[in-house]
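First up is the structure itself, then whatever we jot down about it.
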Amino acid sequence: MNWSPMLISLKTASVSIVITFFLGLYAAKLVVGMKSEKIRIFIDGILTLPLVLPPTVVGFFILLILGVKRPVGRFLLEFLSVKIVFSWTATVIAAVIVSFPLMYRSARGALEQVDKNLIMAGRTLGMSERRIFWRVIMPLALPGIASGGVLAFARGLGEFGATAMVAGNIANKTRTLPLAIYAEVAAGNMEDSYGYVAVVVLISFVVLSLMNYFTIRGSKYTDKDVSK
Amino acid sequence: MSLEVNIKKKYKGFSLDVNFQTNGEYLGILGASGSGKSLTLKCIAGVETPDEGKIVLNNRVLYDSQKNINIIPQSRNIGYMFQNYALFPNMTAEENISVGLKLSKKEKKLKTNELLKMFHLEDMGYKYPAQLSGGQQQRVALARIIAYEPDVLLLDEPFSALDSQLKSELHSDFFDMLKLYKGEVLIVTHSREEVYRFSKNLALIENGAITGFGKTKEIFEHPKSLSEAKMIGCKNISPCEVSSDNKILCTDWGIILKSNNIPEDCKYIDIPSGSFEIVNEKGANTIECKLVNVVEEIDKYTIVIENNNGYENNPIYFNINKETWNNTKNKNELILKINDFYLLK
Amino acid sequence: MFKLQRMHISKLRIREGNVKMKKTIIVILMLYMVINFIGCNSETPPAEPKEPASKETILLAVAASLKNCIDGELIPMFTEKYPNITVDATYDSSGKLQTQIEEGADVDVFMSAAMKQMDALNEQGLIKEGTMVELLENKIVLILPKDSTTEIASFEDILKAETIAVGDPDSVPAGQYAKESFENLGMWADVEAKASLGTNVTEVLSWVAAGSADAGVVYATDAASNENVKVVTEAPEGSVSKVIYPIGIIDATTKLKAAQNLTEFLQSEEALTIFEKYGFTARRKK
C-alpha cells in the first residue's frame with residue numbers, strides 16, 4: 001500500500017489544526033466580547049458559513065480569491081512567483097477553511113458557558129481582564145475548546161471536495177487520503193482502498209475517544225470525589 | 001465612612017431609580033426578587049453601569065455620569081459577595097482567598113494562612129470548592145473579599161444558597177466573622193429576619209425605587225407608610241378614613257377605632273397580629289367577629305376572623321398561644337380588643 | 001390443561017404466520033407481474049402498420065458521448081430531409097447498448113464510441129454484412145488555458161508545464177489514452193509525477209480552464225465543449241491507439257431502406273461538418 005496519501009494527510013491536518021486552533025479561539029473570544037447583538041449575529045453567520053456550504057462551493061470561493069485568474073492569485077503569481085493553487089499549501093488552506101467553523105463554534109460555546117458571575121467576581125477582586133481570561137475563563141473552557149480542536153482536526157483530515165478543486169490530485173504532493181480512497185474506488189480497486197479506509201476508521205476512533213476524554217475531564221472541577 | 005448612591009438605569013422592562021446614603025453602620029436593603037436590589041449592588045461595584053447618576057464612596061467618586069467618570073470595577077476597591085459565592089472552581093480555597101491580594105508571594109502565604117485560621121478553615125486550604133460544604137464555601141467567599149480590606153462590603157443575599165436549617169446555624173457565625181471587617185457593609189436580602197438581625201439601617205426597595213428608609217428597628221416597630229408595612233410583613237392592612245372626633249373608620253373591615261394621636265394624612269391602618277386580645281364584653285376598640293379558619297403553626301395558632309358586619313374580602317389574622325386558644329370557650333363568636341395599631345401614610 | 005392451551009395458542013400463531021406469509025408472497029407476485037407488464041409495454045415500440053415507404057420509425061442506438069450533436073442537430077436535419085422517417089434514439093454507454101442488442105432489442109442502427117463493441121456484435125453476426133463504417137475518430141489532444149503564454153507546442157513539451165491535468169488512467173478512458181501516449185513517448189513516469197489525476201474528464205477540463213493546471217490532456221470533443229481552453233496539438237501519430245466511432249446496421253432490422261438512408265446521411269459531408277464542429281475527426285471515404 002502506498003503510504004504517501006496518509007503522510008500527506010497527516011502533514012496537512014497537523015499544520016492546519018495549529019492554524020485553525022488559534023484562529024478559531026481568537027475569533028470566538030472576539031465574538032463573545034462583542035457588545036452589539038446585531039453585529040455579533042452577522043459575524044457569527046459569516047464565520048459559520050463554510051460549515052453549511054457544500055465543500056465544492058467552499059472550493060469555488062477559495063478559487064475566486066486565489067485562482068491564477070483572480071486578483072489575489074494573479075498578484076501572488078506575478079510579483080512573488082508563488083502559485084497557491086495545486087500546491088501542498090492549498091491543501092492546508094482548504095483544510096483550515098472547512099474546519100475553522102467547528103473550532104470557532106466549540107470555542108465560543110465553551111467560553112460562553114463559563115458562569116458570568118465568576119467573571120464579575122474576578123473584576124471586583126481586582127483581576128485584570130487578561131488575568132481573568134487566562135486564570136478563570138480558559139481553564140474552565142479548556143475541555144470544550146480542546147474537544148473542538150479534536151473535531152476540527154478530524155474534519156481537516158477528511159476534507160475532499162474543496163481540496164480537489166483547489167489543490168488538485170497530484171501524487172506525493174496534494175493527493176490526500178480521501179482523494180486516494182475515492183480514486184481507488186472509482187477505478188474499481190476495492191482491495192487497495194481497504195488499507196486506507198482502515199487507517200481512517202482507526203483515526204476516527206482515536207478522535208472520538210479523545211473528545212470523550214476531554215468532555216469527562218471538563219467535569220473534574222465539579223466532581224466531589226476528586227481529592228488532591 | 002460613607003457611601004452615596006444616586007443612580008438611574010433602564011433595565012429589561014423596569015427602571016431603577018435609587019437614592020440613598022449610608023452613615024457607617026450596616027445597611028440592609030430589603031426587597032422582593034426582581035425589585036432591583038442586586039442591580040443596585042452591581043452598579044456600586046462597577047460590573048453594571050447606570051444610565052446616569054453618581055456614586056461616591058468615602059469621598060471618592062466612583063461614578064459620575066455628568067463628569068464622565070466611571071472607574072473600572074478592578075479599581076473601586078469594593079468587596080462583593082455573590083449569591084452563589086462565585087468561587088473559582090479551578091482554584092483551591094487558598095488560591096481563591098489570595099486572589100485579590102496584591103502582595104509578594106511570601107506575604108500572600110502568610111496572610112492567607114491567617115485568614116484560613118480566622119475563618120475556621122485551617123485544614124481545608126488545599127481543597128477545591130466542590131469539596132467544601134455550603135457553610136465552608138460561604139466562609140471562603142467572605143474571607144476572599146475581606147482579605148484585601150476593601151472600602152465597603154456588598155453582600156448579595158448571602159444566605160439564599162443555604163437551606164433553612166443551615167441558615168439559622170450560620171447566622172451568628174457569619175455575623176461574628178463579619179465583625180473581623182472594619183468597614184461598612186451593605187447587605188441585600190429578601191428575608192426580614194436577616195435584615196432585622198444584621199443591619200442597623202434599612203432601605204426598602206420595590207420595583208426599582210426606594211420606598212422606605214430609616215433605622216431598622218423603627219421601621220419594624222412603627223412602619224409609617226403602606227409599603228413599609230407590607231414589606232415588614234404586616235397582614236392586617238386596610239384603607240381608613242379619619243373623622244373629626246378622633247375616630248378612624250377601617251373601610252375594609254367596617255371597624256371604628258378611637259385614638260388620641262392621629263397623624264395628618266394617614267390613609268391606611270395596620271393592626272399587628274399580636275395586638276388582639278380575647279375579651280368577654282364589648283367596649284372601646286373592640287370588635288365582634290366570627291371564626292373563619294385556624295392555622296396551626298409550630299409555636300402558635302394564627303386565627304383568621306371576619307368582622308360580623310359582613311365585610312368578606314379582607315380577613316383579619318391574629319396570633320394567640322396554643323394554651324390560651326384551647327382554653328377559649330366559644331371559639332366561633334369572639335369579641336376581640338385591639339390594643340395597638342399603626343396609622344400609615 | 002394449561003400446557004395444552006399454550007400449545008394450542010402457539011399453533012394458532014404459526015398458522016397465523018403462515019397465512020401472513022402467503023399473503024405477502026401473493027402481493028409480491030402481483031406487483032412483479034404488474035411491473036413487468038408495464039416494463040414490457042414501454043420497451044417495445046408500438047407496432048406500426050406496414051405502409052409502403054411512408055411513416056416509418058427506426059431505432060438508433062448511440063454512445064452517450066454523441067448525444068449532443070446527434071440529438072441536437074443531426075436528427076432534426078435528417079427528419080427535414082426524410083419527413084416520413086422518424087428516428088427514435090437511445091443513448092447509453094457502448095457496453096450497455098451492446099448487451100441490449102445481444103438480448104434482442106429492436107435496434108436498427110448502432111453507433112459506438114469504440115471498435116470493441118461493434119467488433120463483438122459483428123463476430124456474433126449481428127451486424128449486416130458490409131454496412132459497418134469507421135465513421136469518426138476522436139483525437140487525444142493537449143490543451144492549455146485559453147490565455148496561457150506558456151510555450152508548449154507538443155506532447156513532448158508538456159514537461160515544461162508546472163502542473164499537468166490528466167484523467168485518472170485507472171478509471172477515466174481519456175486518461176488511459178493519455179497514459180498510453182506518454183508511455184510510447186517514454187515520458188509517462190515524469191508526467192505522472194507532475195500530474196493531477198481527475199476522476200472524470202469534466203474535472204480535468206475545469207482545472208485547465210481555471211488555470212490551476214498549466215496543461216492537460218483530453219479528448220478533442222471534450223476540449224471543444226469548453227471555451228476556456230485552447231487545443232495546441234494532437235497526440236503524435238502512432239503514439240496512441242485510435243479512438244474510432246464506427247456505425248453499422250443491425251442484421252435483424254426490418255426497415256433496411258430507412259436504416260440505409262440514415263447511415264448514408266450520417267456519412268454525408270453535411271453531417272460530417274456537424275461532427276467536426278463538435279470536435280470529432282471525420283474519416284472521409286477517399
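Residues are named by chain letter and number: chains run A, B, ... in the order of the C-alpha cells, numbers start at 1 in each chain, and ligands are numbered from 1 in the order shown.
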Open item on the list: Can you tell me which residues surround Glu193 (chain B) at a distance of at most 12 Å, considering only C-alpha atoms, apart from same-chain residues fewer than 5 positions away, and format the answer as an MDAnalysis selection string?
Closed with: chainID B and resid 28 30 159 164 167:168 171 198:199 216:217 220 231:233
TODO: Taking the chain letters and numbering used in this document, name the residues of region 40-161 of chain B that DSSP puts in alpha helix (DSSP H), as a count of residues only.
DONE: 39
Task: Selection: 10 Å around Tyr245 (chain C), only C-alpha atoms, excl. self and same-chain fewer than 2 positions, as a PyMOL selection string - done: chain C and resi 62-63+66+111-116+118+133-138+242-243+247+280-283
Output of the above residues as a PDB file, in the first residue's frame, restricted to C-alpha atoms:
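The resulting file, selection-v5.pdb, is reproduced below:
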```
ATOM      1  CA  VAL C  62     -25.759   5.598 -29.939  1.00  0.00           C
ATOM      2  CA  ALA C  63     -22.939   6.039 -27.436  1.00  0.00           C
ATOM      3  CA  LEU C  66     -22.524  11.563 -29.242  1.00  0.00           C
ATOM      4  CA  MET C 111     -23.014   3.668 -33.334  1.00  0.00           C
ATOM      5  CA  SER C 112     -20.486   3.029 -30.570  1.00  0.00           C
ATOM      6  CA  ALA C 113     -17.628   5.005 -29.010  1.00  0.00           C
ATOM      7  CA  ALA C 114     -15.082   2.289 -29.653  1.00  0.00           C
ATOM      8  CA  MET C 115     -14.413  -0.591 -32.067  1.00  0.00           C
ATOM      9  CA  LYS C 116     -14.643  -3.111 -29.254  1.00  0.00           C
ATOM     10  CA  MET C 118     -19.002  -3.182 -32.769  1.00  0.00           C
ATOM     11  CA  VAL C 133     -18.140   2.007 -41.461  1.00  0.00           C
ATOM     12  CA  GLU C 134     -15.451   3.585 -39.297  1.00  0.00           C
ATOM     13  CA  LEU C 135     -17.114   6.951 -39.264  1.00  0.00           C
ATOM     14  CA  LEU C 136     -15.367   9.219 -36.752  1.00  0.00           C
ATOM     15  CA  GLU C 137     -12.227   9.491 -34.791  1.00  0.00           C
ATOM     16  CA  ASN C 138     -11.757  11.278 -31.509  1.00  0.00           C
ATOM     17  CA  LYS C 242      -7.075   5.330 -32.384  1.00  0.00           C
ATOM     18  CA  VAL C 243     -10.398   6.034 -30.834  1.00  0.00           C
ATOM     19  CA  ILE C 247     -21.543   2.855 -37.313  1.00  0.00           C
ATOM     20  CA  PHE C 280     -14.659  14.835 -33.947  1.00  0.00           C
ATOM     21  CA  THR C 281     -12.320  13.999 -36.795  1.00  0.00           C
ATOM     22  CA  ALA C 282     -14.241  12.736 -39.795  1.00  0.00           C
ATOM     23  CA  ARG C 283     -12.853   9.706 -41.568  1.00  0.00           C
TER      24      ARG C 283
END
```
Open item on the list: Residues near Ser193 (chain A), anyone? I mean within 7 Å using only C-alpha atoms, not counting same-chain ones fewer than 6 positions away, as a list in words.
Closed with: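 Near neighbours after the sequence-gap exclusion: Ile181, Glu184 and Val185 of chain A.
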Considering only C-alpha atoms, give me a table of residues in region 110-217 of chain A that are at most 8 Å from region 56-62 of chain A, with the closest atom pair and distance in Å for each, as a tab-separated table.
```
residue	atom	partner	partner_atom	distance
A:Gly161	CA	A:Thr56	CA	4.9
A:Ala162	CA	A:Gly59	CA	4.0
A:Thr163	CA	A:Gly59	CA	7.0
A:Met165	CA	A:Gly59	CA	5.8
A:Val166	CA	A:Gly59	CA	6.1
```
Task: All residues 12 Å or closer to region 1-8 of chain B, only C-alpha atoms, same chain fewer than 2 positions away omitted, as a ChimeraX atom specification - done: /B:10-11,14-27,36,39-45,48-66,78,151-154,182-186,208-210
